[in-house]
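Here's the structure we're looking at; comments come further down.
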Amino acid sequence: MQSNKQNVLFLFLLFVGLFLGTAQEGKVIPLEIKAERDSIVAPLFPKPLERDSIQRDSLQRDSLNQKPPLLLDNITYKAKDYVKLSQRENKIYLYNEAEIYYQDTELKAGIIIMDYIKNEVYAGRIKDSVGNYTQLPYFKQGSNVVIPDSIRFNFDTQKAIIWNSRTEQQAAAGQLGSDAMKVYAEITKKENDSVYFLSEAKITTAEDTINPDYYIRVRKAKFVPKKKVIAGYSNLYIADVPTPIAMPFAYFPLSVGSAPGVLMPTFGNDPDRGYFLQDFGYYAPLGDYANVEFSGDFYTNGSWGFRTASIYTKRYKYRGNVNFRYENLVTSQKGFSDYSLSKNWNLQFSHSQDQKASPNSRFSASVNLGSSEYYRNSLQQRNLPNTQNNTLSSSISYSKTFPAYPSVNMSVTATHSQLTSPTATTTNPDNINMTLPTFQASMERIFPFAKRDGIKKGAIQNINFQYDVNAQNRLTTNDEDFLTGRMFDNARIGARHRIPISTNFKIAKYFSVTMGGNYEDVWTMQTFERSFDPEANRVVIDTISGFDRYNQYNLNASIGTTLYGTFNFGADKKIQAIRHVLRPTISYGYAPSFEQFYDEYVEGLDGDGRVVQYSRFDGTLNGAPRLGRSNSLSLALNNVLEAKVRDKDSTKTEPKKIPLLSNFNISTAYNLEADSLRLSPLNINGGTNILNNKMSINFAAGLDPYAIDNNGRRIDTWNIDNGGSLFRLTRANMNISYSIDSKMFAKKKDDEAEEAEDPFDYVAQSGGRTDDLFGRADSFRDNPREEREKGTNVENPAYATKIPWNFRLAYSASYLNSARQNEFSAHSLMFSGDIELSPRWKVGGSSGYDFKNKGFTLTQLRFQRDLKSFSMRFNWTPFGEFRRWYFFIGIDASILSDLKWENRSQPFRN
């Protein structure tokens, strides 16, 4: 009985196979049944009508009579509810979560109908229980994805007709979502793998492609995925309302990754310089690891500017950027009294090397040099915060380590520094100081009387010495002589060799003793001989070129200990204990006098002159050797004060340590060789962080025990004996910084995901401040969406009582009273902050007040409105030397960033 059932089942399957294999136009399509998915297998050759096996074999061996197969691979399909085979219609019906796979083509939909004779497939939506359309077709071929309402596709020709298609093209590698180009078309004809023809299409970067807040309406277009869209008449719609912004034809690049292109300029008018084009330029990628951007400004009165910027990066190797800026600014017109011409330039270069790239060698650079007045005269908004910087500085260094014992470290460094905002006390406001280069080498510490792998005990085994050398070529020049041969006229070359020797040991278990000395050998390439010329009645200085040297040494010793004091208040108290750590240190230093390196000359006429002692090494790079014996004692008291506080978290058993004073240091010295004024002023400095490290406080002061005369000079009289207090306050300074935001008052969240590092992200390329206390350096090419995504969720329709905000404050005061000035040399308060009034409104500002000069510092007000796909920003500096305003509205997505309108005022010039 069982065998009869199996025979019946076998005959039934054979009948179905033969029935479905009926010849149609000379070809056979057999059905292959799989366990998980059904599949249609295309025959390799068409089956002939004749049954002659000899003729069939000859046809198979004769390549001239072979026809190419219509299908090159299996068509695999499945569905959730049913798969229906209709022999009468020659179709296969798949319903509910239907899927078909063929080579690199993937099709998913609610319903799929496949005609296996025409090799065509149709896919569409289905209705759910409440009548809504669900399971939109998902069509993927290669890496191109289309999500339509319905689609008709032919496997033979690879052509398709698509209704209401939606596709998303990434603007850069890995940059999908809100910054990608989205294309919606009512009817799409797929011609081949790389060409689509669109009818009544919408192009947008909005998140909602069905009802976008803006789109570009295209009547007819040719769409090449990942490359371009070439369209006919197109115009911009905002909220389905047409705008007069239209083009007879349009071209939209869709290249994946970086692509070259023109940077659209900003148009405007300046009363001093006429009409202008700003930021007009060209961008080009340089392979996979670098890019370059050229831009410029052009004014009708003859002013112009040029900028180039390049960023390069290679993961696990290096990263850096190069910026060069030049501005030729003409004010007014020739012949007018207010005519002026200024030429300013600035060069920035930064390079950092990954530590894994070369553990024993490293190259790094941070260069920011140029005209001293570049930032103050520049017309670019991105340079506004840097107008408050006082100096420009640069450093380029290469270091090499030789790890073999004893290891040696060597480095070559070139440095530069210059003033950008000279003050009234600056003697040479345009001085540029450079070292080209500085060579440094040091050998690791060697213990000659101890084993390398053993524990060192006692004074003998702890004897150690090192060696280091510092050689420099230092020069001082100005803006006029910079980068000319004259900049080397005052160059000073020298080297200093040092061999420090020391040892340490303990006395009475609790006292640490350190003893040592230092030997120096100083080399120079020129010296200066001095003599008095009686005829000219002046001192004559002769420069003697050639190698010369001197040596000197000193001895030192110190003893110190650590004292702990704890005040317990009880484990049930909020403040359980306060601990005081005191580290007193007494040091002694001795250095002999080196008169052998000094000479004399007589200054004066007719033998009434005075004898002047000098060293030929005065004025050299490292100066002259010590004249006069040094013999002094020093005292230092280092204090740390911290408290143990009961933690608010009741599950924690250990108390929390809070620093009350991170450091509080007192130091002074007593000169045993001096015949008067032996006691040095008392130096006090300290600092602490409070309010969960949100507030930082640092302070310093100088207290002098001696009095001063009417001319402000110190005299050998105690200040208390002169009618004053025990110490006289000569100087003091304090710096307080405070930062707070709304997150401090919110509940703590779980671990947040770290943001992926952008290899081409350089926020502070301008070489200035990274905070906004001096204003924010806006560049209207920046993507405001990135800043918003770092903040709160803008999708929240209402904040209720939660309004995100942040606030920063910095206070600085310097007091001077060394000669009874009794004045503040510097006294200012700076603050900045931002607040989000609503999910899409953000306002902020930064300002400060200078109490010494009685005026406000650089003040900036910022307003920003998030319009989903658009952003609107307004920055305003209402008063001061740099008063100006900027307005911008444009599309956030970088691929359509040129769809914008911006207007700006020019900096006010006296």
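By order in the structure tokens, chains are A, B, ...; within a chain, residues start at 1; ligands start at 1, following the order shown.
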
Sorted by chain and rising residue number, which residues of range 629-743 of chain A lie within 12 Å of range 545-567 of chain A, and what are their closest atom pairs and distances in Å to one decimal, counting only C-alpha atoms, as a Markdown table?
```
| residue | atom | partner | partner_atom | distance |
| --- | --- | --- | --- | --- |
| A:Arg629 | CA | A:Asn554 | CA | 10.1 |
| A:Ser630 | CA | A:Asn554 | CA | 9.0 |
| A:Asn631 | CA | A:Leu555 | CA | 9.8 |
| A:Ser632 | CA | A:Asn556 | CA | 9.8 |
| A:Leu633 | CA | A:Ser558 | CA | 9.5 |
| A:Ser634 | CA | A:Ser558 | CA | 9.0 |
| A:Leu635 | CA | A:Ser558 | CA | 9.7 |
| A:Ala636 | CA | A:Gly560 | CA | 9.4 |
| A:Leu637 | CA | A:Gly560 | CA | 9.8 |
| A:Asn638 | CA | A:Thr562 | CA | 9.5 |
| A:Asn639 | CA | A:Leu563 | CA | 9.7 |
| A:Val640 | CA | A:Tyr564 | CA | 9.8 |
| A:Leu641 | CA | A:Gly565 | CA | 9.7 |
| A:Glu642 | CA | A:Thr566 | CA | 9.7 |
| A:Ala643 | CA | A:Phe567 | CA | 9.4 |
| A:Lys644 | CA | A:Phe567 | CA | 10.2 |
```

- [ ] Would you mind listing what lies within 7 Å of Thr331 in chain A as a list of chain:residue names, with only C-alpha atoms counted and same-chain residues fewer than 2 positions away left out?
- [x] A:Asp272, A:Arg273, A:Leu329, A:Gln333, A:Tyr339, A:Ser340, A:Leu341

Using all heavy atoms, can you export the residues from the last selection as a compact mmCIF listing (two decimals), in the first residue's frame?
```
# COMPACT_ATOMS: atom_id res chain seq x y z
N ASP A 272 33.59 101.43 0.40
CA ASP A 272 35.00 101.80 0.26
C ASP A 272 35.68 101.09 -0.90
O ASP A 272 36.69 101.57 -1.41
CB ASP A 272 35.76 101.48 1.55
CG ASP A 272 35.34 102.37 2.70
OD1 ASP A 272 34.92 103.51 2.43
OD2 ASP A 272 35.41 101.91 3.85
N ARG A 273 35.13 99.92 -1.33
CA ARG A 273 35.83 99.13 -2.33
C ARG A 273 34.98 98.79 -3.53
O ARG A 273 35.44 98.11 -4.44
CB ARG A 273 36.34 97.84 -1.68
CG ARG A 273 37.33 98.12 -0.57
CD ARG A 273 37.78 96.86 0.13
NE ARG A 273 38.79 97.16 1.14
CZ ARG A 273 38.51 97.55 2.38
NH1 ARG A 273 37.25 97.64 2.78
NH2 ARG A 273 39.48 97.83 3.23
N LEU A 329 44.48 95.01 -0.22
CA LEU A 329 43.30 95.80 0.10
C LEU A 329 43.55 97.28 -0.20
O LEU A 329 44.50 97.87 0.33
CB LEU A 329 42.93 95.63 1.58
CG LEU A 329 42.63 94.19 2.01
CD1 LEU A 329 42.28 94.14 3.48
CD2 LEU A 329 41.51 93.59 1.18
N GLN A 333 39.93 105.71 -3.24
CA GLN A 333 40.52 105.83 -4.56
C GLN A 333 41.77 106.69 -4.51
O GLN A 333 41.93 107.54 -3.62
CB GLN A 333 39.51 106.47 -5.54
CG GLN A 333 38.24 105.66 -5.75
CD GLN A 333 38.48 104.39 -6.52
OE1 GLN A 333 39.44 104.30 -7.29
NE2 GLN A 333 37.61 103.39 -6.33
N TYR A 339 42.89 107.54 0.99
CA TYR A 339 43.38 106.40 0.22
C TYR A 339 44.48 105.67 1.00
O TYR A 339 45.36 106.30 1.60
CB TYR A 339 43.92 106.86 -1.12
CG TYR A 339 44.65 105.77 -1.88
CD1 TYR A 339 43.94 104.83 -2.61
CD2 TYR A 339 46.05 105.70 -1.86
CE1 TYR A 339 44.60 103.82 -3.31
CE2 TYR A 339 46.71 104.70 -2.56
CZ TYR A 339 45.99 103.77 -3.27
OH TYR A 339 46.65 102.77 -3.95
N SER A 340 44.41 104.34 0.99
CA SER A 340 45.45 103.54 1.63
C SER A 340 45.53 102.20 0.93
O SER A 340 44.55 101.73 0.32
CB SER A 340 45.16 103.34 3.12
OG SER A 340 43.98 102.58 3.30
N LEU A 341 46.71 101.58 1.01
CA LEU A 341 46.95 100.27 0.41
C LEU A 341 47.67 99.40 1.45
O LEU A 341 48.67 99.81 2.02
CB LEU A 341 47.81 100.39 -0.85
CG LEU A 341 48.31 99.06 -1.47
CD1 LEU A 341 47.14 98.23 -1.95
CD2 LEU A 341 49.29 99.34 -2.59
```

query: Could you work out how far CA of Phe807 in chain A lies from CA of Arg862 in chain A, giving the answer in Å with one decimal?
result: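 Straight-line distance from CA of Arg862 in chain A to CA of Phe807 in chain A works out to 14.1 Å.
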
Checklist entry - Val322 in chain A: which residues within 6 Å, counting only C-alpha atoms, same-chain residues fewer than 4 positions away excluded, as a list of chain:residue names? => result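 So the residues in contact are A:Ala309, A:Ser310, A:Gln348, A:Phe349.
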
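Each of A:Glu99, A:Asp115, A:Asp489, A:Asp270 was checked against Gln87 in chain A using only C-alpha atoms; the smallest atom-to-atom distance is that of A:Asp115.
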
Item to complete: Using CA of Lys159 in chain A and CA of Thr205 in chain A as the two end points, give the distance in Å to one decimal.
Response: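 CA of Lys159 in chain A sits 27.3 Å away from CA of Thr205 in chain A.
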
- Write out as an MDAnalysis selection string the residues lying within 8 Å of Asn154 in chain A, counting only C-alpha atoms and excluding same-chain residues fewer than 2 positions away. chainID A and resid 118:121 152 156:160

Please produce an output containing all heavy atoms for each residue in the selection, written as a compact mmCIF listing (two decimals), in the first residue's frame.
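So result-v6.txt came out as:
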```txt
# COMPACT_ATOMS: atom_id res chain seq x y z
N LYS A 118 7.68 35.51 -21.24
CA LYS A 118 8.26 36.79 -21.66
C LYS A 118 9.46 37.20 -20.79
O LYS A 118 10.11 38.20 -21.07
CB LYS A 118 7.21 37.89 -21.58
CG LYS A 118 6.05 37.69 -22.52
CD LYS A 118 5.05 38.84 -22.39
CE LYS A 118 3.88 38.65 -23.35
NZ LYS A 118 2.90 39.77 -23.22
N ASN A 119 9.68 36.43 -19.73
CA ASN A 119 10.75 36.76 -18.79
C ASN A 119 10.57 38.17 -18.22
O ASN A 119 11.52 38.94 -18.10
CB ASN A 119 12.13 36.63 -19.44
CG ASN A 119 12.49 35.18 -19.69
OD1 ASN A 119 12.04 34.29 -18.98
ND2 ASN A 119 13.29 34.95 -20.72
N GLU A 120 9.35 38.49 -17.87
CA GLU A 120 9.03 39.78 -17.28
C GLU A 120 8.46 39.58 -15.89
O GLU A 120 7.88 38.53 -15.59
CB GLU A 120 8.03 40.56 -18.14
CG GLU A 120 8.60 41.10 -19.42
CD GLU A 120 7.59 41.97 -20.17
OE1 GLU A 120 6.44 42.07 -19.71
OE2 GLU A 120 7.98 42.53 -21.19
N VAL A 121 8.61 40.59 -15.09
CA VAL A 121 8.10 40.54 -13.73
C VAL A 121 7.43 41.87 -13.41
O VAL A 121 7.88 42.94 -13.83
CB VAL A 121 9.23 40.23 -12.72
CG1 VAL A 121 10.26 41.34 -12.70
CG2 VAL A 121 8.66 40.00 -11.33
N ARG A 152 7.69 47.28 -13.47
CA ARG A 152 7.62 46.22 -14.48
C ARG A 152 9.02 46.07 -15.06
O ARG A 152 9.60 47.04 -15.57
CB ARG A 152 6.62 46.60 -15.57
CG ARG A 152 6.51 45.60 -16.70
CD ARG A 152 5.52 46.10 -17.73
NE ARG A 152 5.60 45.37 -18.97
CZ ARG A 152 4.98 45.73 -20.11
NH1 ARG A 152 4.24 46.83 -20.11
NH2 ARG A 152 5.10 45.01 -21.20
N ASP A 156 15.32 39.80 -19.73
CA ASP A 156 16.11 39.66 -20.95
C ASP A 156 16.78 40.97 -21.33
O ASP A 156 17.99 41.06 -21.54
CB ASP A 156 15.23 39.18 -22.11
CG ASP A 156 14.66 37.80 -21.84
OD1 ASP A 156 15.23 37.10 -20.98
OD2 ASP A 156 13.67 37.43 -22.48
N THR A 157 15.99 42.04 -21.42
CA THR A 157 16.51 43.33 -21.88
C THR A 157 17.02 44.20 -20.75
O THR A 157 17.65 45.23 -21.01
CB THR A 157 15.41 44.08 -22.62
OG1 THR A 157 14.32 44.36 -21.71
CG2 THR A 157 14.87 43.26 -23.79
N GLN A 158 16.73 43.82 -19.50
CA GLN A 158 17.12 44.59 -18.32
C GLN A 158 16.45 45.96 -18.28
O GLN A 158 16.87 46.85 -17.56
CB GLN A 158 18.65 44.78 -18.26
CG GLN A 158 19.44 43.50 -18.19
CD GLN A 158 19.28 42.81 -16.84
OE1 GLN A 158 19.54 43.40 -15.81
NE2 GLN A 158 18.85 41.57 -16.88
N LYS A 159 15.37 46.14 -19.07
CA LYS A 159 14.63 47.40 -19.07
C LYS A 159 13.48 47.32 -18.08
O LYS A 159 13.02 46.24 -17.72
CB LYS A 159 14.11 47.71 -20.47
CG LYS A 159 15.21 47.98 -21.49
CD LYS A 159 14.63 48.35 -22.84
CE LYS A 159 15.75 48.64 -23.85
NZ LYS A 159 15.21 49.03 -25.17
N ALA A 160 13.00 48.50 -17.67
CA ALA A 160 11.93 48.54 -16.68
C ALA A 160 11.13 49.82 -16.82
O ALA A 160 11.64 50.85 -17.29
CB ALA A 160 12.50 48.44 -15.26
```

>> as JSON, numbers by chain, please: the residues near range 846-856 of chain A (cut-off 10 Å, only C-alpha atoms, same-chain neighbours under 3 positions excluded).
In response: {"A": [772, 773, 774, 775, 776, 807, 808, 809, 810, 811, 812, 813, 823, 824, 825, 826, 827, 828, 829, 830, 831, 832, 833, 834, 859, 860, 861, 862, 877, 879, 880]}

Keeping only N, CA and C atoms, write the selected residues as a JSON list (two decimals), in the first residue's frame.
```
[["chain", "number", "residue", "atom", "x", "y", "z"],
["A", 772, "ASP", "N", 34.36, 80.47, 22.12],
["A", 772, "ASP", "CA", 33.71, 81.60, 21.46],
["A", 772, "ASP", "C", 33.65, 82.83, 22.37],
["A", 773, "LEU", "N", 34.58, 82.96, 23.33],
["A", 773, "LEU", "CA", 34.60, 84.14, 24.18],
["A", 773, "LEU", "C", 34.96, 85.38, 23.39],
["A", 774, "PHE", "N", 35.67, 85.22, 22.27],
["A", 774, "PHE", "CA", 36.01, 86.34, 21.39],
["A", 774, "PHE", "C", 35.15, 86.31, 20.13],
["A", 775, "GLY", "N", 34.00, 85.64, 20.18],
["A", 775, "GLY", "CA", 33.16, 85.53, 19.00],
["A", 775, "GLY", "C", 33.38, 84.21, 18.30],
["A", 776, "ARG", "N", 32.46, 83.86, 17.45],
["A", 776, "ARG", "CA", 32.52, 82.59, 16.73],
["A", 776, "ARG", "C", 32.94, 82.84, 15.30],
["A", 807, "PHE", "N", 26.52, 78.19, 29.16],
["A", 807, "PHE", "CA", 27.06, 79.50, 29.56],
["A", 807, "PHE", "C", 28.52, 79.33, 29.96],
["A", 808, "ARG", "N", 29.36, 80.25, 29.50],
["A", 808, "ARG", "CA", 30.78, 80.24, 29.82],
["A", 808, "ARG", "C", 31.20, 81.63, 30.29],
["A", 809, "LEU", "N", 32.04, 81.66, 31.31],
["A", 809, "LEU", "CA", 32.47, 82.92, 31.90],
["A", 809, "LEU", "C", 33.95, 82.84, 32.22],
["A", 810, "ALA", "N", 34.67, 83.93, 31.99],
["A", 810, "ALA", "CA", 36.10, 84.00, 32.30],
["A", 810, "ALA", "C", 36.39, 85.38, 32.89],
["A", 811, "TYR", "N", 37.03, 85.39, 34.06],
["A", 811, "TYR", "CA", 37.38, 86.63, 34.75],
["A", 811, "TYR", "C", 38.88, 86.65, 34.97],
["A", 812, "SER", "N", 39.51, 87.78, 34.69],
["A", 812, "SER", "CA", 40.95, 87.92, 34.83],
["A", 812, "SER", "C", 41.26, 89.29, 35.40],
["A", 813, "ALA", "N", 42.15, 89.30, 36.41],
["A", 813, "ALA", "CA", 42.55, 90.55, 37.03],
["A", 813, "ALA", "C", 44.03, 90.46, 37.42],
["A", 823, "GLU", "N", 47.50, 99.89, 41.10],
["A", 823, "GLU", "CA", 46.60, 99.91, 39.95],
["A", 823, "GLU", "C", 46.44, 98.50, 39.38],
["A", 824, "PHE", "N", 45.37, 98.32, 38.62],
["A", 824, "PHE", "CA", 45.13, 97.08, 37.89],
["A", 824, "PHE", "C", 45.76, 97.22, 36.51],
["A", 825, "SER", "N", 46.73, 96.39, 36.23],
["A", 825, "SER", "CA", 47.32, 96.40, 34.89],
["A", 825, "SER", "C", 46.41, 95.73, 33.86],
["A", 826, "ALA", "N", 45.57, 94.83, 34.30],
["A", 826, "ALA", "CA", 44.57, 94.18, 33.43],
["A", 826, "ALA", "C", 43.40, 93.77, 34.30],
["A", 827, "HIS", "N", 42.19, 94.00, 33.79],
["A", 827, "HIS", "CA", 41.00, 93.68, 34.58],
["A", 827, "HIS", "C", 39.83, 93.54, 33.62],
["A", 828, "SER", "N", 39.38, 92.32, 33.37],
["A", 828, "SER", "CA", 38.34, 92.11, 32.38],
["A", 828, "SER", "C", 37.47, 90.93, 32.76],
["A", 829, "LEU", "N", 36.26, 90.93, 32.22],
["A", 829, "LEU", "CA", 35.29, 89.85, 32.40],
["A", 829, "LEU", "C", 34.73, 89.52, 31.04],
["A", 830, "MET", "N", 34.82, 88.25, 30.65],
["A", 830, "MET", "CA", 34.30, 87.80, 29.35],
["A", 830, "MET", "C", 33.27, 86.70, 29.57],
["A", 831, "PHE", "N", 32.27, 86.66, 28.72],
["A", 831, "PHE", "CA", 31.22, 85.66, 28.86],
["A", 831, "PHE", "C", 30.63, 85.35, 27.50],
["A", 832, "SER", "N", 30.07, 84.16, 27.38],
["A", 832, "SER", "CA", 29.40, 83.73, 26.16],
["A", 832, "SER", "C", 28.40, 82.65, 26.51],
["A", 833, "GLY", "N", 27.44, 82.44, 25.63],
["A", 833, "GLY", "CA", 26.43, 81.42, 25.89],
["A", 833, "GLY", "C", 25.49, 81.25, 24.72],
["A", 834, "ASP", "N", 24.73, 80.17, 24.75],
["A", 834, "ASP", "CA", 23.73, 79.86, 23.74],
["A", 834, "ASP", "C", 22.51, 79.30, 24.45],
["A", 859, "THR", "N", 32.00, 92.17, 20.96],
["A", 859, "THR", "CA", 30.65, 91.69, 21.27],
["A", 859, "THR", "C", 30.01, 91.14, 20.00],
["A", 860, "GLN", "N", 29.44, 89.96, 20.11],
["A", 860, "GLN", "CA", 28.79, 89.32, 18.97],
["A", 860, "GLN", "C", 27.47, 88.70, 19.41],
["A", 861, "LEU", "N", 26.42, 88.93, 18.63],
["A", 861, "LEU", "CA", 25.11, 88.32, 18.86],
["A", 861, "LEU", "C", 24.82, 87.37, 17.71],
["A", 862, "ARG", "N", 24.27, 86.19, 18.03],
["A", 862, "ARG", "CA", 24.05, 85.15, 17.03],
["A", 862, "ARG", "C", 22.59, 84.68, 17.09],
["A", 877, "THR", "N", 27.79, 92.08, 15.12],
["A", 877, "THR", "CA", 28.71, 92.75, 16.04],
["A", 877, "THR", "C", 28.26, 94.21, 16.07],
["A", 879, "PHE", "N", 28.84, 97.04, 17.80],
["A", 879, "PHE", "CA", 29.65, 98.23, 18.01],
["A", 879, "PHE", "C", 31.12, 97.83, 18.11],
["A", 880, "GLY", "N", 31.97, 98.84, 18.13],
["A", 880, "GLY", "CA", 33.39, 98.58, 18.24],
["A", 880, "GLY", "C", 34.11, 98.69, 16.92]]
```

- Query: Restricting the calculation to only C-alpha atoms, which member of A:Thr415, A:Thr134, A:Asn328, A:Thr76 is positioned closest to Glu97 in chain A?
  - Reply: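 Smallest distance to Glu97 in chain A is found for A:Thr134.
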
Nearest to Ala201 in chain A among A:Tyr77, A:Tyr82, A:Trp901, A:Trp163, with distances taken over only C-alpha atoms: which residue is it?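 Of A:Tyr77, A:Tyr82, A:Trp901, A:Trp163, the one nearest Ala201 in chain A is A:Trp163, counting only C-alpha atoms.
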
Q.
I want to know what sits within 7 Å of range 440-443 of chain A, based on only C-alpha atoms, with residues of the same chain fewer than 4 positions away left out; could you give that as a ChimeraX atom specification?
A. /A:406-412,466-471

query = Any idea what's packed within 10 Å of Pro265 in chain A, counting only C-alpha atoms, ignoring anything in its chain fewer than 4 positions away? Could you give it as a PyMOL selection string?
reply = chain A and resi 276-281+295-297+898

- Query: Restricting the calculation to only C-alpha atoms, which member of A:Phe528, A:Ser818, A:Pro804, A:Thr651 is positioned closest to Glu836 in chain A?
  - Reply: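 Of the candidates, the smallest distance to Glu836 in chain A is held by A:Pro804.
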